[in-house]
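Heads up: the structure comes next, in structure tokens.
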Amino acid sequence: MAAYRELYRRGKLRERVEMALSLLESCSVCPRSCGVNRLAGDAGKCRTSRRAVVSSYGAHFGEEAALVGKHGSGTIFFANCNLECVFCQNYSISQLGEGHIVGKKELAYVMLSLQAKGCHNINLVSPTHVIPQILEALELAVESDLKLPLVYNSGG
Ligand code: SF4
């Protein structure tokens, strides 16, 4: 069983969501520690304010075999990475911010739709700067019976 389900059952996931969201007020979600108020709509080095930006999502077959299985890894590509790697293969996503702004309900829907497609996991690509947003969406998705393991897919 995915560990987050046990956290949810014990009421601990809510605590972690609140703790993570509080980091957005003077942002220290990543080691950049920009100190901007993302709850008020400001953005720091990652150019992402209150809501996450998703570039694309779907069953992905280009990951390691153990993640792909028969039905693919359920990737969610987040835009506006907090790193600035000059060799990034996803430059238009990570630095130019291609994608759509999503709220927690939309992000929970994305997770559940990947599960419904038969994907073997939820593969969070470049997630570090939007961990609070992911956690609040995860809580909603668990309420609708999300069960898949999470993959933290970060070049950092
Ligand atoms: S998550 Fe973004 S705003 Fe927050 S500290 Fe990192 S780069 Fe700065």
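Just so we're on the same page: first chain in the structure tokens is A, next is B, and so on; residues restart at 1 for each chain, and ligands are numbered from 1 in the order they show up.
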
- Produce as a ChimeraX atom specification the set of residues near ligand 1, where near means within 6 Å with only C-alpha atoms and all ligand atoms considered. /A:27-34,43-46,82,129

- Write out as a PyMOL selection string which residues come within 10 Å of Arg50 (chain A) when counting only C-alpha atoms, dropping same-chain ones fewer than 4 positions away. chain A and resi 21+24-25+37-43+101-103+130+132-133

- Task: Fewer than 4 positions away in the same chain doesn't count, so skip those; otherwise give me all residues within 7 Å of region 17-20 of chain A, counting only C-alpha atoms, as a PyMOL selection string.
- Result: chain A and resi 13+132+135-136

- Which residues in chain A does DSSP call strand (DSSP E or B)? List them as a count of residues only. 26

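Closest approach to Ser56 (chain A) from the set A:Ser126, A:Asn80, A:Ser154, A:Thr75 is made by A:Thr75, with distances taken over only C-alpha atoms.
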
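For the set A:Cys85, A:Ile131, A:Val36, A:Ala2, the residue with the smallest atom-to-atom gap to Gly155 (chain A) is A:Cys85, counting only C-alpha atoms.
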